[in-house]
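Here's my_file04.txt, which has compact mmCIF, C-alpha atoms:
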# COMPACT_ATOMS: atom_id res chain seq x y z
CA MET A 1 1.89 -1.50 0.93
CA GLY A 2 3.86 -2.52 -2.16
CA GLU A 3 3.06 -1.13 -5.60
CA SER A 4 1.86 -4.48 -6.98
CA ARG A 5 -0.64 -4.80 -4.15
CA GLN A 6 -1.90 -1.25 -4.63
CA SER A 7 -2.26 -1.91 -8.36
CA TYR A 8 -4.25 -5.07 -7.72
CA LEU A 9 -6.57 -3.26 -5.31
CA ALA A 10 -7.11 -0.41 -7.79
CA ALA A 11 -8.07 -2.90 -10.50
CA ALA A 12 -10.29 -4.85 -8.09
CA ALA A 13 -12.11 -1.68 -7.01
CA SER A 14 -12.68 -0.77 -10.67
CA ALA A 15 -13.99 -4.27 -11.42
CA VAL A 16 -16.47 -4.12 -8.53
CA SER A 17 -17.67 -0.73 -9.77
CA LEU A 18 -18.18 -2.15 -13.27
CA LEU A 19 -20.08 -5.14 -11.88
CA ARG A 20 -22.36 -2.67 -10.09
CA ASP A 21 -23.19 -0.81 -13.33
CA PRO A 22 -26.92 -1.21 -14.12
CA ALA A 23 -26.01 -2.19 -17.68
CA VAL A 24 -24.53 -5.45 -16.38
CA ALA A 25 -27.73 -6.48 -14.59
CA ALA A 26 -29.81 -5.40 -17.60
CA SER A 27 -27.85 -7.75 -19.90
CA TRP A 28 -27.40 -10.55 -17.36
CA ASP A 29 -28.92 -13.36 -19.43
CA LYS A 30 -27.58 -12.25 -22.81
CA PRO A 31 -24.52 -13.59 -24.66
CA SER A 32 -21.29 -11.76 -23.90
CA ALA A 33 -18.58 -10.55 -26.27
CA LEU A 34 -16.87 -13.90 -25.61
CA MET A 35 -18.83 -16.58 -27.40
CA GLU A 36 -18.21 -19.12 -24.64
CA PHE A 37 -19.65 -16.91 -21.86
CA SER A 38 -23.00 -15.35 -21.06
CA VAL A 39 -22.83 -11.88 -19.50
CA ALA A 40 -23.66 -13.51 -16.16
CA GLY A 41 -20.87 -16.06 -16.56
CA LEU A 42 -18.36 -13.41 -17.60
CA ALA A 43 -19.35 -11.21 -14.65
CA GLY A 44 -18.97 -14.21 -12.38
CA HIS A 45 -15.54 -14.97 -13.81
CA LEU A 46 -14.44 -11.37 -13.29
CA ALA A 47 -15.62 -11.40 -9.68
CA HIS A 48 -14.00 -14.79 -9.13
CA GLN A 49 -10.56 -13.22 -9.42
CA LEU A 50 -11.12 -11.71 -5.97
CA VAL A 51 -12.19 -15.12 -4.70
CA ARG A 52 -8.91 -16.60 -5.91
CA VAL A 53 -6.92 -14.00 -4.00
CA GLY A 54 -8.95 -14.67 -0.88
CA ASP A 55 -8.28 -18.39 -1.27
CA VAL A 56 -4.49 -18.07 -1.39
CA LEU A 57 -4.30 -15.61 1.50
CA VAL A 58 -5.49 -18.33 3.89
CA PRO A 59 -2.33 -20.03 5.24
CA ASN A 60 -2.39 -23.77 4.46
CA GLY A 61 1.17 -24.83 5.18
CA GLN A 62 1.63 -26.13 1.62
CA ALA A 63 3.62 -23.28 0.07
CA GLY A 64 6.82 -24.59 -1.47
CA GLU A 65 9.56 -23.05 -3.59
CA PRO A 66 7.86 -20.48 -5.86
CA ILE A 67 8.12 -20.80 -9.62
CA THR A 68 8.45 -17.89 -12.05
CA LEU A 69 5.53 -16.28 -13.83
CA ILE A 70 6.70 -17.56 -17.22
CA GLU A 71 6.81 -21.09 -15.84
CA HIS A 72 3.40 -20.61 -14.24
CA TYR A 73 1.83 -19.79 -17.60
CA SER A 74 3.83 -22.49 -19.39
CA ARG A 75 2.49 -25.11 -16.99
CA SER A 76 -1.13 -23.91 -17.04
CA PRO A 77 -3.14 -26.14 -19.41
CA TRP A 78 -5.75 -23.49 -20.26
CA VAL A 79 -3.20 -21.19 -21.92
CA GLN A 80 -2.98 -23.13 -25.18
CA ALA A 81 -6.00 -25.40 -24.75
CA GLY A 82 -9.08 -25.21 -26.95
CA LEU A 83 -12.42 -23.90 -25.74
CA ASP A 84 -13.67 -27.43 -25.12
CA HIS A 85 -10.67 -28.52 -23.06
CA GLU A 86 -11.62 -29.46 -19.50
CA SER A 87 -9.55 -26.62 -18.04
CA ASN A 88 -11.52 -24.01 -20.01
CA LEU A 89 -14.82 -25.76 -19.42
CA SER A 90 -14.05 -25.55 -15.70
CA VAL A 91 -13.40 -21.80 -15.99
CA ARG A 92 -16.79 -21.27 -17.62
CA ARG A 93 -18.59 -23.45 -15.10
CA GLY A 94 -16.94 -21.48 -12.30
CA GLY A 95 -18.13 -18.19 -13.75
CA GLU A 96 -21.70 -19.41 -14.09
CA ALA A 97 -21.67 -20.81 -10.56
CA ALA A 98 -20.33 -17.56 -9.11
CA ALA A 99 -23.14 -15.64 -10.84
CA ALA A 100 -25.94 -18.09 -10.01
CA ALA A 101 -27.43 -15.99 -7.20
CA GLY A 102 -27.81 -12.94 -9.44
CA PRO A 103 -26.04 -9.60 -9.99
CA ALA A 104 -26.85 -8.00 -6.63
CA VAL A 105 -25.43 -10.90 -4.62
CA LEU A 106 -22.37 -11.10 -6.86
CA VAL A 107 -21.61 -7.41 -6.29
CA GLU A 108 -22.16 -7.73 -2.55
CA ARG A 109 -19.73 -10.65 -2.30
CA ALA A 110 -17.12 -8.96 -4.48
CA GLN A 111 -17.34 -5.75 -2.43
CA ALA A 112 -16.89 -7.69 0.81
CA LEU A 113 -13.83 -9.47 -0.57
CA TYR A 114 -12.35 -6.19 -1.77
CA GLU A 115 -12.76 -4.61 1.66
CA MET A 116 -11.23 -7.63 3.39
CA GLN A 117 -8.27 -7.73 1.02
CA SER A 118 -7.67 -3.99 1.30
CA ALA A 119 -6.93 -4.56 4.98
CA ALA A 120 -5.22 -7.95 4.69
CA LEU A 121 -2.71 -7.22 1.92
CA ALA A 122 -1.10 -4.38 3.83
CA GLY A 123 -0.07 -6.82 6.55
CA GLU A 124 1.34 -9.54 4.31
CA PRO A 125 5.15 -9.95 4.34
CA ALA A 126 6.97 -8.69 1.27
CA ASP A 127 8.35 -12.18 0.61
CA ARG A 128 5.07 -14.06 1.14
CA VAL A 129 4.75 -17.20 -0.97
CA VAL A 130 1.31 -18.66 -1.63
CA HIS A 131 0.22 -22.13 -2.73
CA LEU A 132 -2.25 -22.44 -5.61
CA PRO A 133 -4.30 -25.51 -4.71
CA TRP A 134 -6.03 -25.63 -8.11
CA SER A 135 -2.63 -25.75 -9.86
CA GLY A 136 -0.42 -27.61 -7.39
CA TRP A 137 2.47 -25.13 -7.31
CA SER A 138 3.45 -21.93 -5.50
CA LEU A 139 4.08 -18.32 -6.51
CA ARG A 140 5.28 -15.23 -4.76
CA LEU A 141 2.17 -13.38 -3.58
CA ASP A 142 3.04 -10.31 -5.63
CA ASP A 143 3.48 -12.45 -8.75
CA PHE A 144 0.12 -14.11 -8.15
CA LEU A 145 -1.50 -10.69 -7.76
CA LEU A 146 -0.04 -9.72 -11.13
CA THR A 147 -1.77 -12.72 -12.72
CA ARG A 148 -5.05 -11.52 -11.21
CA LEU A 149 -4.32 -7.99 -12.40
CA VAL A 150 -4.14 -9.27 -15.97
CA GLU A 151 -7.42 -11.15 -15.55
CA LEU A 152 -9.18 -8.12 -14.05
CA VAL A 153 -8.01 -5.74 -16.78
CA VAL A 154 -8.70 -8.08 -19.71
CA HIS A 155 -12.10 -9.26 -18.51
CA SER A 156 -13.23 -5.79 -17.45
CA ASP A 157 -12.77 -4.80 -21.08
CA ASP A 158 -14.67 -7.93 -22.17
CA LEU A 159 -17.55 -7.19 -19.82
CA ALA A 160 -17.75 -3.50 -20.74
CA ALA A 161 -17.85 -4.40 -24.43
CA SER A 162 -20.53 -6.99 -23.71
CA VAL A 163 -22.94 -4.55 -22.07
CA GLY A 164 -22.27 -1.43 -24.15
CA VAL A 165 -20.40 0.75 -21.67
CA GLU A 166 -16.95 2.33 -21.85
CA THR A 167 -14.04 0.23 -20.71
CA PRO A 168 -13.00 1.52 -17.28
CA GLU A 169 -10.06 3.91 -17.31
CA LEU A 170 -7.28 2.60 -15.12
CA PRO A 171 -4.09 4.32 -13.92
CA THR A 172 -0.69 3.60 -15.45
CA SER A 173 0.25 1.75 -12.25
CA VAL A 174 -2.32 -0.87 -13.31
CA ILE A 175 -1.90 -0.82 -17.08
CA ASP A 176 1.91 -0.78 -17.30
CA PRO A 177 2.57 -4.07 -15.47
CA VAL A 178 -0.22 -5.78 -17.44
CA VAL A 179 1.23 -4.64 -20.78
CA GLU A 180 4.73 -5.64 -19.66
CA LEU A 181 3.66 -9.14 -18.63
CA LEU A 182 1.62 -9.69 -21.79
CA ALA A 183 4.61 -8.60 -23.87
CA ARG A 184 6.93 -10.95 -21.98
CA LEU A 185 4.52 -13.83 -22.50
CA ALA A 186 4.14 -13.01 -26.20
CA VAL A 187 7.93 -13.00 -26.62
CA HIS A 188 8.17 -16.30 -24.76
CA ARG A 189 5.48 -17.85 -26.96
CA HIS A 190 6.31 -16.37 -30.37
CA GLY A 191 9.89 -15.08 -30.11
CA PRO A 192 11.18 -11.50 -30.06
CA THR A 193 11.24 -10.99 -33.83
CA ALA A 194 7.52 -11.69 -34.19
CA VAL A 195 6.69 -9.23 -31.41
CA ILE A 196 9.00 -6.51 -32.75
CA ARG A 197 7.56 -6.87 -36.25
CA THR A 198 4.01 -6.68 -34.96
CA LEU A 199 4.77 -3.45 -33.11
CA SER A 200 6.84 -1.82 -35.83
CA ARG A 201 6.46 -3.57 -39.21
CA ALA A 202 2.87 -4.53 -39.92
CA GLU A 203 3.74 -5.75 -43.44
CA ARG A 204 5.98 -8.49 -41.99
CA ALA A 205 4.02 -9.17 -38.84
CA PRO A 206 2.58 -12.60 -38.03
CA ALA A 207 -1.16 -13.04 -37.94
CA THR A 208 -1.16 -13.03 -34.15
CA ILE A 209 1.20 -12.65 -31.21
CA SER A 210 -1.37 -13.36 -28.52
CA ALA A 211 0.16 -13.96 -25.11
CA PHE A 212 -2.25 -16.84 -24.41

Mind converting the file's structure to structure tokens?
Amino acid sequence: MGESRQSYLAAAASAVSLLRDPAVAASWDKPSALMEFSVAGLAGHLAHQLVRVGDVLVPNGQAGEPITLIEHYSRSPWVQAGLDHESNLSVRRGGEAAAAAGPAVLVERAQALYEMQSAALAGEPADRVVHLPWSGWSLRLDDFLLTRLVELVVHSDDLAASVGVETPELPTSVIDPVVELLARLAVHRHGPTAVIRTLSRAERAPATISAF
């Protein structure tokens, strides 16, 4: 199995373990560290990353020429949209819907998806292209898994901070590609000088170089 697939599965396993933490269930109805999400909604959004992977693994005959990751994020309306934009409202509704049956059911579903994907990803061709029906374009499977890796890492930190537990420690095989992609996106969005100054010259750094 390729490194990107192993990294995704490591992050997914960690996310399922975090969702199972009693602190998540204990704070289920409370606000999260993200003002637009409850803890339940954030947990649902985290678990939904496994749902997305399951969705694209089902062959649908629609996969076309894959676009690059930079183009994927450039085309995605949620990246620079405000909190009240329909794309971000849809994300929040999806998280709440995924969590509607409660923490135990959410964990059970996420665990089942993880186990299914652990077996399925090993058999996927190295050049597999998948269609994203919610976006309308295609990505290489390994590129799509990298987008989910970013979501799993970022939102695991959000959820841990929301319920008062330590952010899960993840191996460098997970963290390194996430940091690399976020840096590439920040350079694409703000230019190399802004990123270099932020990392090396705080006195000349811009207020933010967020990737999204």

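From CA of Ala211 (chain A) back to CA of Leu185 (chain A), the distance works out to 5.1 Å.
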
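For the pair CA of Val51 (chain A) and CA of Gly95 (chain A), the separation is 11.3 Å.
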
### Task
Do a neighbour search on region 124-126 of chain A at 12 Å with only C-alpha atoms, toss out local chain neighbours closer than 2 positions, and write the hits as a ChimeraX atom specification.
/A:1-5,56-59,117-122,128-130,140-143

### Which of A:Ala10, A:Leu199, A:Val16, A:Leu69 sits closest to Pro103 (chain A) [using only C-alpha atoms]
A:Val16

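If you measure from each of A:Arg52, A:Ile175, A:Ser210, A:Gly164 to Gly191 (chain A) using all atoms listed in the file, the closest one turns out to be A:Ser210.
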
### Message
Residues proximal to (5.7, -9.3, -25.5) were defined as those with any atom within 12 Å of that point in the file's coordinates, counting only C-alpha atoms. Which are they, as JSON, numbers by chain?
### Response
{"A": [70, 177, 178, 179, 180, 181, 182, 183, 184, 185, 186, 187, 188, 189, 190, 191, 192, 193, 194, 195, 196, 197, 198, 199, 208, 209, 210, 211, 212]}

#### Entry: Exercise: residues within 10 Å of coordinate (-13.0, -17.0, -7.5), counting all atoms listed in the file, as a PyMOL selection string
chain A and resi 44-55+91+94-95+97-98+110

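With distances taken over all atoms listed in the file, A:Val39 is the one residue among A:Leu18, A:Ala63, A:Val39, A:Met116 lying closest to Glu96 (chain A).
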